[in-house]
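Structure below is coords_31.cif: mmCIF, C-alpha atoms.
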```cif
data_run
loop_
_atom_site.label_atom_id
_atom_site.label_comp_id
_atom_site.auth_asym_id
_atom_site.auth_seq_id
_atom_site.Cartn_x
_atom_site.Cartn_y
_atom_site.Cartn_z
CA MET P 2 0.00 0.00 0.00
CA LEU P 3 1.27 3.46 -0.95
CA GLU P 4 1.72 5.85 1.88
CA PRO P 5 -0.12 9.20 1.38
CA ASN P 6 2.15 12.13 0.58
CA PRO P 7 1.78 14.45 3.52
CA ALA P 8 3.38 17.32 1.55
CA SER P 9 0.73 17.43 -1.14
CA PRO P 10 -2.15 19.05 0.76
CA PRO P 11 0.03 21.85 2.20
CA SER P 12 1.53 22.51 -1.26
CA ARG P 13 -1.91 22.78 -2.78
CA THR P 14 -2.92 25.06 0.08
CA ARG P 15 0.07 27.36 -0.46
CA LEU P 16 -0.60 27.45 -4.19
CA SER P 17 -4.22 28.36 -3.57
CA ARG P 18 -3.17 31.10 -1.19
CA LEU P 19 -0.73 32.53 -3.72
CA ARG P 20 -3.39 32.52 -6.41
CA GLY P 21 -5.82 34.19 -4.04
CA ALA P 22 -3.26 36.86 -3.09
CA ALA P 23 -2.51 37.54 -6.75
CA PHE P 24 -6.20 37.76 -7.50
CA ASP P 25 -6.73 40.18 -4.60
CA ALA P 26 -3.74 42.30 -5.62
CA ALA P 27 -4.79 42.67 -9.26
CA PRO P 28 -7.39 45.41 -8.63
CA LEU P 29 -4.89 47.30 -6.47
CA TRP P 30 -2.25 47.28 -9.20
CA ARG P 31 -4.79 48.24 -11.84
CA GLN P 32 -5.76 51.18 -9.66
CA ARG P 33 -2.12 52.18 -9.20
CA LEU P 34 -1.54 52.07 -12.93
CA LEU P 35 -4.60 54.24 -13.45
CA PHE P 36 -3.28 56.77 -10.94
CA LEU P 37 0.09 56.72 -12.69
CA PHE P 38 -1.66 57.36 -15.98
CA GLY P 39 -3.57 60.21 -14.34
CA GLY P 40 -0.31 61.77 -13.11
CA LEU P 41 1.12 61.59 -16.64
CA CYS P 42 -1.98 63.35 -17.95
CA VAL P 43 -1.66 66.07 -15.30
CA GLY P 44 1.91 66.68 -16.44
CA LEU P 45 0.82 66.91 -20.07
CA ALA P 46 -1.98 69.32 -19.15
CA ALA P 47 0.44 71.53 -17.17
CA VAL P 48 2.82 71.77 -20.11
CA ALA P 49 -0.03 72.51 -22.53
CA MET P 50 -1.38 75.24 -20.27
CA ALA P 51 2.07 76.82 -19.99
CA LYS P 52 2.40 76.90 -23.78
CA LEU P 53 -1.12 78.29 -24.19
CA ALA P 54 -0.49 81.00 -21.61
CA ASP P 55 2.67 82.14 -23.40
CA TRP P 56 0.89 82.06 -26.74
CA ALA P 57 -2.05 84.07 -25.39
CA GLN P 58 0.21 86.81 -24.05
CA ASP P 59 2.01 86.99 -27.40
CA VAL P 60 -1.36 87.38 -29.11
CA PHE P 61 -2.31 90.26 -26.82
CA ARG P 62 0.99 92.04 -27.48
CA TRP P 63 0.41 91.60 -31.21
CA VAL P 64 -3.11 93.05 -30.88
CA LEU P 65 -1.75 96.12 -29.07
CA ALA P 66 1.13 96.65 -31.49
CA PRO P 67 -0.68 99.35 -33.55
CA SER P 68 -1.70 101.30 -30.42
CA PRO P 69 -1.87 100.61 -26.67
CA LEU P 70 -5.27 102.37 -26.66
CA ILE P 71 -6.75 99.27 -28.30
CA ALA P 72 -6.77 97.72 -24.82
CA LEU P 73 -9.58 100.11 -23.83
CA VAL P 74 -11.84 98.13 -26.15
CA VAL P 75 -10.31 94.66 -26.28
CA THR P 76 -9.81 94.09 -22.55
CA PRO P 77 -13.29 95.12 -21.30
CA LEU P 78 -14.97 93.24 -24.15
CA GLY P 79 -12.77 90.19 -23.54
CA PHE P 80 -13.57 90.20 -19.82
CA ALA P 81 -17.30 90.37 -20.54
CA ILE P 82 -17.10 87.44 -22.97
CA ALA P 83 -14.97 85.41 -20.54
CA ILE P 84 -17.48 85.96 -17.73
CA LEU P 85 -20.34 85.02 -20.07
CA LEU P 86 -18.58 81.76 -20.98
CA SER P 87 -17.70 80.91 -17.39
CA ILE P 88 -21.28 81.47 -16.20
CA ARG P 89 -23.38 80.13 -19.06
CA VAL P 90 -21.19 77.52 -20.75
CA PHE P 91 -18.60 76.38 -18.20
CA PRO P 92 -19.98 76.97 -14.69
CA ASN P 93 -17.54 76.42 -11.81
CA SER P 94 -14.63 77.52 -13.99
CA GLN P 95 -14.49 81.03 -12.50
CA GLY P 96 -11.58 82.35 -10.52
CA SER P 97 -8.41 80.59 -9.48
CA GLY P 98 -9.66 77.00 -9.35
CA ILE P 99 -8.01 76.21 -6.02
CA PRO P 100 -11.15 77.09 -4.00
CA GLN P 101 -13.13 74.70 -6.20
CA VAL P 102 -10.69 71.89 -5.39
CA ILE P 103 -10.90 72.60 -1.66
CA ALA P 104 -14.71 72.70 -1.87
CA ALA P 105 -14.76 69.42 -3.81
CA ARG P 106 -12.71 67.77 -1.07
CA HIS P 107 -14.98 69.00 1.72
CA THR P 108 -18.40 68.37 0.23
CA GLU P 109 -20.04 64.98 0.61
CA ASP P 110 -22.51 65.64 -2.19
CA PRO P 111 -21.30 63.69 -5.25
CA GLU P 112 -23.17 65.97 -7.65
CA ILE P 113 -21.53 69.12 -6.29
CA ARG P 114 -18.14 67.44 -6.21
CA GLY P 115 -18.54 66.17 -9.76
CA ALA P 116 -19.50 69.61 -11.04
CA LEU P 117 -16.51 71.30 -9.39
CA VAL P 118 -13.88 68.92 -10.77
CA SER P 119 -15.44 67.57 -13.95
CA LEU P 120 -13.52 67.21 -17.20
CA LYS P 121 -15.92 69.68 -18.83
CA THR P 122 -15.06 72.24 -16.16
CA ALA P 123 -11.36 71.54 -16.69
CA PHE P 124 -11.68 72.05 -20.44
CA GLY P 125 -13.58 75.29 -19.88
CA LYS P 126 -10.94 76.43 -17.39
CA ILE P 127 -8.18 76.00 -19.94
CA LEU P 128 -10.16 77.60 -22.75
CA VAL P 129 -11.43 80.67 -20.89
CA MET P 130 -8.17 81.19 -18.98
CA THR P 131 -6.30 81.32 -22.29
CA PHE P 132 -8.87 83.68 -23.74
CA GLY P 133 -8.59 85.97 -20.72
CA LEU P 134 -4.81 86.20 -21.01
CA ALA P 135 -5.21 86.96 -24.71
CA CYS P 136 -7.33 89.94 -23.62
CA GLY P 137 -4.82 91.26 -21.08
CA ALA P 138 -6.08 89.79 -17.79
CA SER P 139 -3.63 89.97 -14.88
CA THR P 140 -3.89 86.30 -14.00
CA GLY P 141 -1.73 83.20 -13.81
CA ARG P 142 -2.03 79.63 -15.05
CA GLU P 143 -0.90 77.80 -11.91
CA GLY P 144 -4.18 77.94 -9.96
CA PRO P 145 -6.16 76.70 -12.97
CA THR P 146 -3.60 73.89 -13.35
CA VAL P 147 -4.53 72.76 -9.83
CA GLN P 148 -8.21 72.46 -10.75
CA VAL P 149 -7.41 70.76 -14.05
CA GLY P 150 -5.08 68.31 -12.29
CA ALA P 151 -7.74 67.55 -9.69
CA ALA P 152 -10.35 67.00 -12.43
CA ILE P 153 -8.10 64.59 -14.31
CA MET P 154 -7.33 62.57 -11.20
CA ALA P 155 -11.00 62.62 -10.14
CA ALA P 156 -11.94 61.13 -13.52
CA VAL P 157 -9.34 58.40 -13.03
CA GLY P 158 -10.26 57.66 -9.42
CA ARG P 159 -14.05 57.63 -9.55
CA LEU P 160 -14.10 53.85 -9.13
CA ASP P 161 -12.99 54.29 -5.52
CA ALA P 162 -15.37 56.80 -3.95
CA ASP P 163 -13.82 56.45 -0.49
CA ARG P 164 -10.44 57.63 -1.75
CA LEU P 165 -11.76 60.32 -4.07
CA PRO P 166 -10.93 63.28 -1.75
CA GLY P 167 -7.36 62.00 -1.54
CA VAL P 168 -7.22 61.50 -5.30
CA ILE P 169 -8.40 65.09 -5.83
CA LEU P 170 -5.76 66.29 -3.37
CA ALA P 171 -3.05 64.39 -5.25
CA GLY P 172 -4.15 65.86 -8.59
CA GLY P 173 -4.10 69.40 -7.22
CA ALA P 174 -0.65 68.96 -5.68
CA ALA P 175 0.65 67.49 -8.93
CA GLY P 176 -0.73 70.51 -10.78
CA VAL P 177 1.39 72.91 -8.70
CA ALA P 178 4.46 70.70 -8.97
CA ALA P 179 4.24 70.39 -12.75
CA ALA P 180 3.33 74.05 -13.33
CA PHE P 181 6.38 75.41 -11.47
CA ASN P 182 8.72 72.39 -11.73
CA THR P 183 8.69 72.39 -7.92
CA PRO P 184 7.87 68.87 -6.66
CA ILE P 185 8.53 69.59 -2.99
CA ALA P 186 6.39 72.73 -3.10
CA GLY P 187 3.60 70.73 -4.73
CA ILE P 188 3.59 68.26 -1.85
CA VAL P 189 3.79 71.05 0.75
CA PHE P 190 0.98 72.96 -0.94
CA GLY P 191 -1.21 69.87 -0.94
CA ILE P 192 -0.70 69.37 2.79
CA GLU P 193 -0.68 73.01 3.97
CA GLU P 194 -3.35 74.57 1.78
CA LEU P 195 -5.50 72.02 -0.05
CA SER P 196 -5.80 69.68 2.93
CA ARG P 197 -4.51 71.67 5.93
CA THR P 198 -3.70 68.40 7.60
CA TYR P 199 -1.34 65.48 7.07
CA GLU P 200 -3.10 62.33 5.89
CA ALA P 201 -0.88 59.27 6.04
CA ARG P 202 -3.21 57.18 3.86
CA THR P 203 -2.92 59.65 0.96
CA SER P 204 0.73 60.66 1.30
CA GLY P 205 1.98 57.90 -0.97
CA LEU P 206 -0.61 58.71 -3.60
CA ILE P 207 0.36 62.41 -3.53
CA VAL P 208 4.06 61.66 -3.92
CA ALA P 209 3.48 59.14 -6.73
CA THR P 210 1.21 61.51 -8.64
CA VAL P 211 3.62 64.43 -8.22
CA ILE P 212 6.48 62.25 -9.50
CA ALA P 213 4.49 61.10 -12.54
CA ALA P 214 3.36 64.64 -13.41
CA GLY P 215 6.81 66.10 -12.78
CA LEU P 216 8.63 63.53 -14.89
CA THR P 217 6.21 64.09 -17.73
CA ALA P 218 6.80 67.86 -17.64
CA LEU P 219 10.57 67.33 -17.44
CA ALA P 220 10.54 64.93 -20.38
CA ILE P 221 8.87 67.55 -22.56
CA GLN P 222 10.39 70.81 -21.29
CA GLY P 223 13.68 69.57 -19.88
CA ASP P 224 15.09 70.29 -16.43
CA TYR P 225 14.64 74.00 -15.81
CA THR P 226 14.33 76.45 -12.94
CA TYR P 227 11.19 78.59 -13.13
CA PHE P 228 12.90 81.94 -12.52
CA GLY P 229 16.42 80.80 -13.31
CA THR P 230 19.10 79.99 -10.76
CA THR P 231 20.16 82.84 -8.47
CA LYS P 232 22.99 83.18 -5.97
CA ALA P 233 21.62 86.10 -3.98
CA LEU P 234 22.82 86.42 -0.41
CA LEU P 235 21.64 88.42 2.58
CA PRO P 236 24.66 88.74 4.90
CA PHE P 237 23.75 89.12 8.54
CA GLY P 238 23.81 92.82 9.36
CA PRO P 239 21.90 96.04 8.62
CA GLY P 240 20.47 94.51 5.43
CA TRP P 241 18.28 92.24 7.55
CA ILE P 242 16.12 95.26 8.39
CA ALA P 243 14.60 94.73 4.93
CA VAL P 244 13.10 91.43 6.15
CA PRO P 245 10.61 92.90 8.67
CA ILE P 246 9.90 95.91 6.44
CA LEU P 247 8.96 93.78 3.44
CA GLY P 248 7.26 91.24 5.70
CA VAL P 249 4.93 93.92 7.03
CA LEU P 250 4.36 95.51 3.61
CA GLY P 251 3.62 92.14 2.01
CA GLY P 252 1.35 91.12 4.86
CA VAL P 253 -0.64 94.36 4.68
CA ALA P 254 -0.98 94.32 0.89
CA GLY P 255 -1.78 90.61 0.77
CA GLY P 256 -4.29 90.90 3.60
CA VAL P 257 -6.05 93.78 1.85
CA PHE P 258 -6.15 91.78 -1.38
CA GLY P 259 -7.66 88.78 0.38
CA ARG P 260 -10.24 90.82 2.23
CA VAL P 261 -11.37 92.66 -0.92
CA THR P 262 -11.57 89.45 -2.95
CA ILE P 263 -13.60 87.65 -0.26
CA LEU P 264 -15.91 90.65 0.11
CA PHE P 265 -16.77 90.69 -3.59
CA ALA P 266 -17.08 86.90 -3.73
CA ARG P 267 -19.68 86.94 -0.96
CA GLY P 268 -21.47 89.91 -2.50
CA LEU P 269 -21.39 93.57 -1.61
CA PRO P 270 -24.35 94.80 0.43
CA GLY P 271 -26.82 97.38 -0.80
CA ARG P 272 -27.62 98.56 -4.29
CA ILE P 273 -24.11 98.20 -5.62
CA GLY P 274 -23.95 94.55 -4.59
CA GLY P 275 -27.39 93.91 -6.02
CA ALA P 276 -26.41 95.50 -9.33
CA ILE P 277 -23.27 93.36 -9.55
CA ARG P 278 -25.26 90.18 -8.89
CA ARG P 279 -27.84 91.10 -11.53
CA HIS P 280 -25.29 92.16 -14.15
CA PRO P 281 -22.10 90.11 -13.66
CA ILE P 282 -21.13 90.40 -17.32
CA VAL P 283 -21.33 94.19 -17.26
CA PHE P 284 -19.36 94.22 -14.02
CA GLY P 285 -16.73 91.98 -15.66
CA GLY P 286 -16.44 94.47 -18.51
CA LEU P 287 -15.93 97.33 -16.04
CA CYS P 288 -13.21 95.33 -14.30
CA GLY P 289 -11.58 94.80 -17.69
CA LEU P 290 -11.66 98.55 -18.22
CA GLY P 291 -9.88 98.98 -14.89
CA VAL P 292 -7.18 96.53 -16.01
CA ALA P 293 -6.79 98.40 -19.31
CA LEU P 294 -6.35 101.73 -17.50
CA CYS P 295 -3.71 100.17 -15.23
CA GLY P 296 -2.01 98.79 -18.33
CA LEU P 297 -1.89 102.19 -20.00
CA ALA P 298 -0.51 103.81 -16.84
CA SER P 299 2.23 101.17 -16.56
CA GLY P 300 3.27 101.21 -20.19
CA GLY P 301 1.76 97.78 -20.75
CA THR P 302 3.80 95.93 -18.11
CA VAL P 303 0.96 94.84 -15.81
CA TYR P 304 -0.90 92.71 -18.34
CA GLY P 305 -0.63 88.93 -18.18
CA THR P 306 1.07 86.73 -15.62
CA GLY P 307 3.92 89.10 -14.73
CA TYR P 308 6.46 86.30 -15.10
CA GLU P 309 8.82 88.15 -17.44
CA GLU P 310 8.78 91.31 -15.33
CA ALA P 311 9.47 89.39 -12.11
CA ARG P 312 12.31 87.44 -13.70
CA ALA P 313 13.91 90.64 -15.04
CA MET P 314 13.74 92.31 -11.62
CA LEU P 315 15.12 89.21 -9.90
CA HIS P 316 18.19 89.06 -12.15
CA GLY P 317 18.71 92.82 -12.22
CA THR P 318 18.16 93.21 -15.97
CA ASP P 319 15.30 95.64 -15.25
CA ALA P 320 15.46 98.12 -12.39
CA GLY P 321 11.68 98.13 -12.27
CA ASN P 322 9.23 101.02 -12.24
CA PRO P 323 8.27 102.13 -8.70
CA ALA P 324 4.66 102.26 -9.89
CA TYR P 325 4.73 98.67 -11.14
CA ALA P 326 3.80 96.99 -7.85
CA PRO P 327 0.72 99.14 -7.04
CA LEU P 328 -0.51 99.05 -10.63
CA LYS P 329 -0.01 95.28 -10.87
CA PHE P 330 -1.80 94.97 -7.53
CA LEU P 331 -4.80 96.93 -8.83
CA SER P 332 -4.94 95.05 -12.13
CA THR P 333 -4.84 91.74 -10.25
CA VAL P 334 -7.61 92.90 -7.90
CA PHE P 335 -9.78 93.85 -10.88
CA SER P 336 -9.08 90.51 -12.55
CA SER P 337 -9.82 88.56 -9.36
CA ILE P 338 -13.09 90.23 -8.37
CA SER P 339 -14.38 90.02 -11.94
CA GLY P 340 -14.54 86.23 -11.66
CA ILE P 341 -12.57 85.62 -14.85
CA PRO P 342 -10.80 82.23 -14.78
CA GLY P 343 -7.18 82.67 -13.80
CA GLY P 344 -4.76 82.13 -10.96
CA LEU P 345 -2.98 84.31 -8.42
CA PHE P 346 0.45 82.74 -7.96
CA ALA P 347 2.39 84.37 -10.81
CA PRO P 348 0.82 87.84 -10.43
CA SER P 349 1.44 87.69 -6.66
CA LEU P 350 5.09 86.86 -7.21
CA SER P 351 5.48 89.76 -9.62
CA ILE P 352 3.81 92.17 -7.19
CA GLY P 353 6.18 91.02 -4.46
CA ALA P 354 9.14 91.44 -6.81
CA GLY P 355 8.09 95.04 -7.46
CA MET P 356 7.87 95.65 -3.71
CA GLY P 357 11.39 94.31 -3.26
CA VAL P 358 12.69 96.77 -5.85
CA TRP P 359 11.25 99.63 -3.77
CA LEU P 360 13.83 99.05 -1.04
CA HIS P 361 16.89 98.85 -3.27
CA GLY P 362 17.53 102.57 -2.85
CA LEU P 363 17.52 102.22 0.94
CA PHE P 364 19.65 99.07 1.03
CA VAL P 365 22.19 99.65 -1.71
CA ASP P 366 24.58 97.07 -0.25
CA VAL P 367 21.96 94.31 -0.46
CA PRO P 368 21.76 92.51 -3.84
CA ILE P 369 18.55 93.41 -5.61
CA GLY P 370 17.89 89.70 -6.16
CA ALA P 371 17.74 89.13 -2.40
CA LEU P 372 15.26 91.97 -1.94
CA VAL P 373 13.12 90.65 -4.79
CA LEU P 374 13.03 87.14 -3.30
CA ILE P 375 12.04 88.53 0.11
CA GLY P 376 9.32 90.64 -1.50
CA MET P 377 7.98 87.63 -3.41
CA VAL P 378 7.65 85.54 -0.27
CA ALA P 379 6.20 88.46 1.71
CA TYR P 380 3.35 89.22 -0.69
CA LEU P 381 2.61 85.62 -1.64
CA THR P 382 2.34 84.73 2.04
CA GLY P 383 0.20 87.78 2.75
CA ALA P 384 -2.22 86.94 -0.04
CA LEU P 385 -2.52 83.18 0.51
CA GLN P 386 -1.64 82.86 4.21
CA ALA P 387 0.35 79.73 3.38
CA PRO P 388 3.83 80.63 4.72
CA ILE P 389 5.51 77.24 4.27
CA THR P 390 4.35 76.94 0.68
CA ALA P 391 5.52 80.49 -0.04
CA PHE P 392 9.14 80.16 1.03
CA VAL P 393 9.49 76.59 -0.25
CA ILE P 394 8.13 77.41 -3.70
CA VAL P 395 10.28 80.54 -4.12
CA THR P 396 13.37 78.63 -2.99
CA GLU P 397 12.68 75.80 -5.44
CA MET P 398 11.93 78.22 -8.28
CA THR P 399 15.36 79.83 -7.93
CA GLN P 400 17.46 77.08 -6.30
CA ASP P 401 18.76 79.77 -3.93
CA HIS P 402 18.99 77.79 -0.70
CA SER P 403 21.24 80.35 0.98
CA MET P 404 18.18 82.62 1.32
CA MET P 405 16.10 80.02 3.15
CA ILE P 406 16.36 81.50 6.66
CA PRO P 407 15.51 85.12 5.74
CA LEU P 408 12.64 83.85 3.58
CA MET P 409 11.28 81.81 6.49
CA VAL P 410 11.38 84.83 8.79
CA THR P 411 9.70 86.97 6.14
CA ALA P 412 6.93 84.42 5.70
CA LEU P 413 6.20 84.26 9.43
CA ILE P 414 5.99 88.06 9.70
CA ALA P 415 3.83 88.45 6.59
CA ASP P 416 1.48 85.69 7.69
CA ALA P 417 0.96 87.23 11.14
CA VAL P 418 0.33 90.71 9.70
CA SER P 419 -2.02 89.41 7.00
CA LYS P 420 -4.17 87.61 9.57
CA LEU P 421 -4.64 90.88 11.46
CA ILE P 422 -6.31 92.32 8.35
CA CYS P 423 -8.00 89.23 6.89
CA ARG P 424 -8.74 86.59 9.51
CA GLU P 425 -9.79 84.01 6.91
CA GLY P 426 -7.50 82.20 4.52
CA LEU P 427 -8.36 83.37 1.00
CA TYR P 428 -8.84 80.01 -0.71
CA HIS P 429 -10.72 78.40 2.16
CA ALA P 430 -13.05 81.38 2.55
CA LEU P 431 -13.81 81.26 -1.18
CA ALA P 432 -14.36 77.50 -0.95
CA ALA P 433 -16.90 77.99 1.85
CA THR P 434 -18.68 80.58 -0.32
CA ILE P 435 -18.80 78.14 -3.25
CA LEU P 436 -20.38 75.47 -1.06
CA ALA P 437 -22.86 77.94 0.42
CA ASN P 438 -23.96 79.01 -3.06
CA ALA P 439 -24.14 75.42 -4.30
CA ASP P 440 -26.26 74.14 -1.43
CA PRO P 441 -28.92 76.16 0.42
CA ALA P 442 -28.21 74.12 3.56
CA PRO P 443 -25.45 75.35 5.89
CA PRO P 444 -22.09 74.46 4.34
CA PRO P 445 -19.61 72.13 6.01
CA VAL P 446 -17.11 73.91 8.22
CA VAL P 447 -13.92 74.66 6.30
CA ARG P 448 -11.06 75.39 8.61
CA THR P 449 -9.33 78.67 7.88
CA ALA P 450 -6.63 78.61 10.51
#
```
Please express what this file holds, its structure, as structure tokens.
Amino acid sequence: MLEPNPASPPSRTRLSRLRGAAFDAAPLWRQRLLFLFGGLCVGLAAVAMAKLADWAQDVFRWVLAPSPLIALVVTPLGFAIAILLSIRVFPNSQGSGIPQVIAARHTEDPEIRGALVSLKTAFGKILVMTFGLACGASTGREGPTVQVGAAIMAAVGRLDADRLPGVILAGGAAGVAAAFNTPIAGIVFGIEELSRTYEARTSGLIVATVIAAGLTALAIQGDYTYFGTTKALLPFGPGWIAVPILGVLGGVAGGVFGRVTILFARGLPGRIGGAIRRHPIVFGGLCGLGVALCGLASGGTVYGTGYEEARAMLHGTDAGNPAYAPLKFLSTVFSSISGIPGGLFAPSLSIGAGMGVWLHGLFVDVPIGALVLIGMVAYLTGALQAPITAFVIVTEMTQDHSMMIPLMVTALIADAVSKLICREGLYHALAATILANADPAPPPVVRTA
């Protein structure tokens, strides 16, 4: 009689377990591949939006070539058309796009979430943002890239509803990383601003998506530094007085910007507010007229993202006009309160650069590049109240790590001053307004501190 093989049943058991584990792991790997594909698409979208933004600004300069007075017609009319498109054709595409991503993460209503980060909204964001820049709007492309990135990742991750808020967060963070070529800043922005908390279960997804989007952008555009590499230094001494001065100035200006933007988003009281609500397209045209007047007063420098002007001031190739910062501030306020699709990052950095130039006459021994970097961080922090993101993103955009400590101090000062003027974080206050307008019931609490 043959003895039974005692090894056979355990072998079959192990084989069954391996097959079961492989079967269970297959959906997980399919999901990971989908997320990787989504990150690649976010990178492609970021590159496309960068090219479109540059093209749109070239178109506007070509339009104004015969006479700068053409802006008095083109810009108001363009703003009115952009508002019409964003209200009637592509709702939820207005403004920066970052508040929509925050609102989509906080709402539990799938219809509201789907509307805020749908692919149709993303397409409209790209289209109308490009059109606005072609008409002279003082806006950026980075905020819209966040909403587009979130929409792409939301489309990829809809099969897993439980993880959808984390997927949206990852897409938004990847949008910042790919737009600026700043992967660390993208991760920090996702944690500090989009989420305002660290979520261990989504950290890996954020990092993977940022890597996929960043590699895609690098493969197409090459390894580059957004503002070019700088070697500015701020030796310890009298020059450090510029840090608290610019910190306070940036905090005040950024706080005022945030408060005005929130006020108009919620609706002005009285007849003026009622008229704006009834005639948003006319109001958009008037805001466009304000931008055109600022453009004429500045010699055409305040139109568009402000990237070229900020880069020139940073590297000392343009001493800068003392009136640039206030005029760019006003043109950005007009663009923001109009509701035209467009971001705030690039214009904020250019405003801060102009503020840094102001102090060059007082601190002649301090390199102008150092003052410009401090001004950038000061105003960006004041406007967004995201101090860590501000100094990390400026450091990554210039690869100037020797300025890290003064930029940190500047960010802390600007953040504290800004909160004295505007107690609510800009993006989170706007997100709460979006949810309140989308749902008549009381909106979920969105933390602003």
- [ ] Could you tell me which residues the PyMOL selection byres ((chain P and resi 405) around 12) returns for this structure, as a ChimeraX atom specification?
- [x] /P:232-235,371,374-375,378,389,391-397,399-404,406-412
Set out as a Markdown table a contact list for stretch 201-266 of chain P and stretch 350-357 of chain P with a cut-off of 9 Å, giving each residue of stretch 201-266 of chain P that qualifies its closest atom pair and distance in Å to one decimal, counting all atoms listed in the file, ordered by chain and rising residue number.
```
| residue | atom | partner | partner_atom | distance |
| --- | --- | --- | --- | --- |
| P:Ala243 | CA | P:Gly357 | CA | 8.8 |
| P:Leu247 | CA | P:Gly357 | CA | 7.1 |
| P:Leu250 | CA | P:Met356 | CA | 8.1 |
| P:Gly251 | CA | P:Gly353 | CA | 7.0 |
```
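Protein, DNA and RNA residues at most 8 Å from (-8.2, 74.8, -9.2), with only C-alpha atoms, are these: P:Ser97, P:Gly98, P:Ile99, P:Pro100, P:Gln101, P:Val102, P:Gly144, P:Pro145, P:Thr146, P:Val147, P:Gln148, P:Val149, P:Gly150, P:Ala151, P:Gly173.
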TODO: Specify as a VMD selection string each residue included when the PyMOL selection byres ((chain P and resi 261) around 12) is applied to this file.
DONE: chain P and resid 254 to 260 262 to 269 330 to 331 333 to 335 337 to 339 384 422 to 423 425 427 430 to 431
Task: Neighbour list for P:Gly125 as a PyMOL selection string, cut-off 9 Å, all atoms listed in the file, skip fewer than 4 positions in-chain - done: chain P and resi 86-87+90-92+94+120-121+129-130
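Minimum distance to P:Gly305 across P:Cys136, P:Leu34, P:Ile246, P:Ala379 (counting all atoms listed in the file) occurs at P:Cys136.
Going from atom CA of P:Val283 to atom CA of P:Leu385 covers 28.1 Å.
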Open item on the list: Please enumerate the residues selected by the PyMOL selection byres ((chain P and resi 435) around 10) when evaluated against the supplied file, formatted as a PyMOL selection string.
Closed with: chain P and resi 93+100-101+103-105+113+117+266-267+429-434+436-440+444
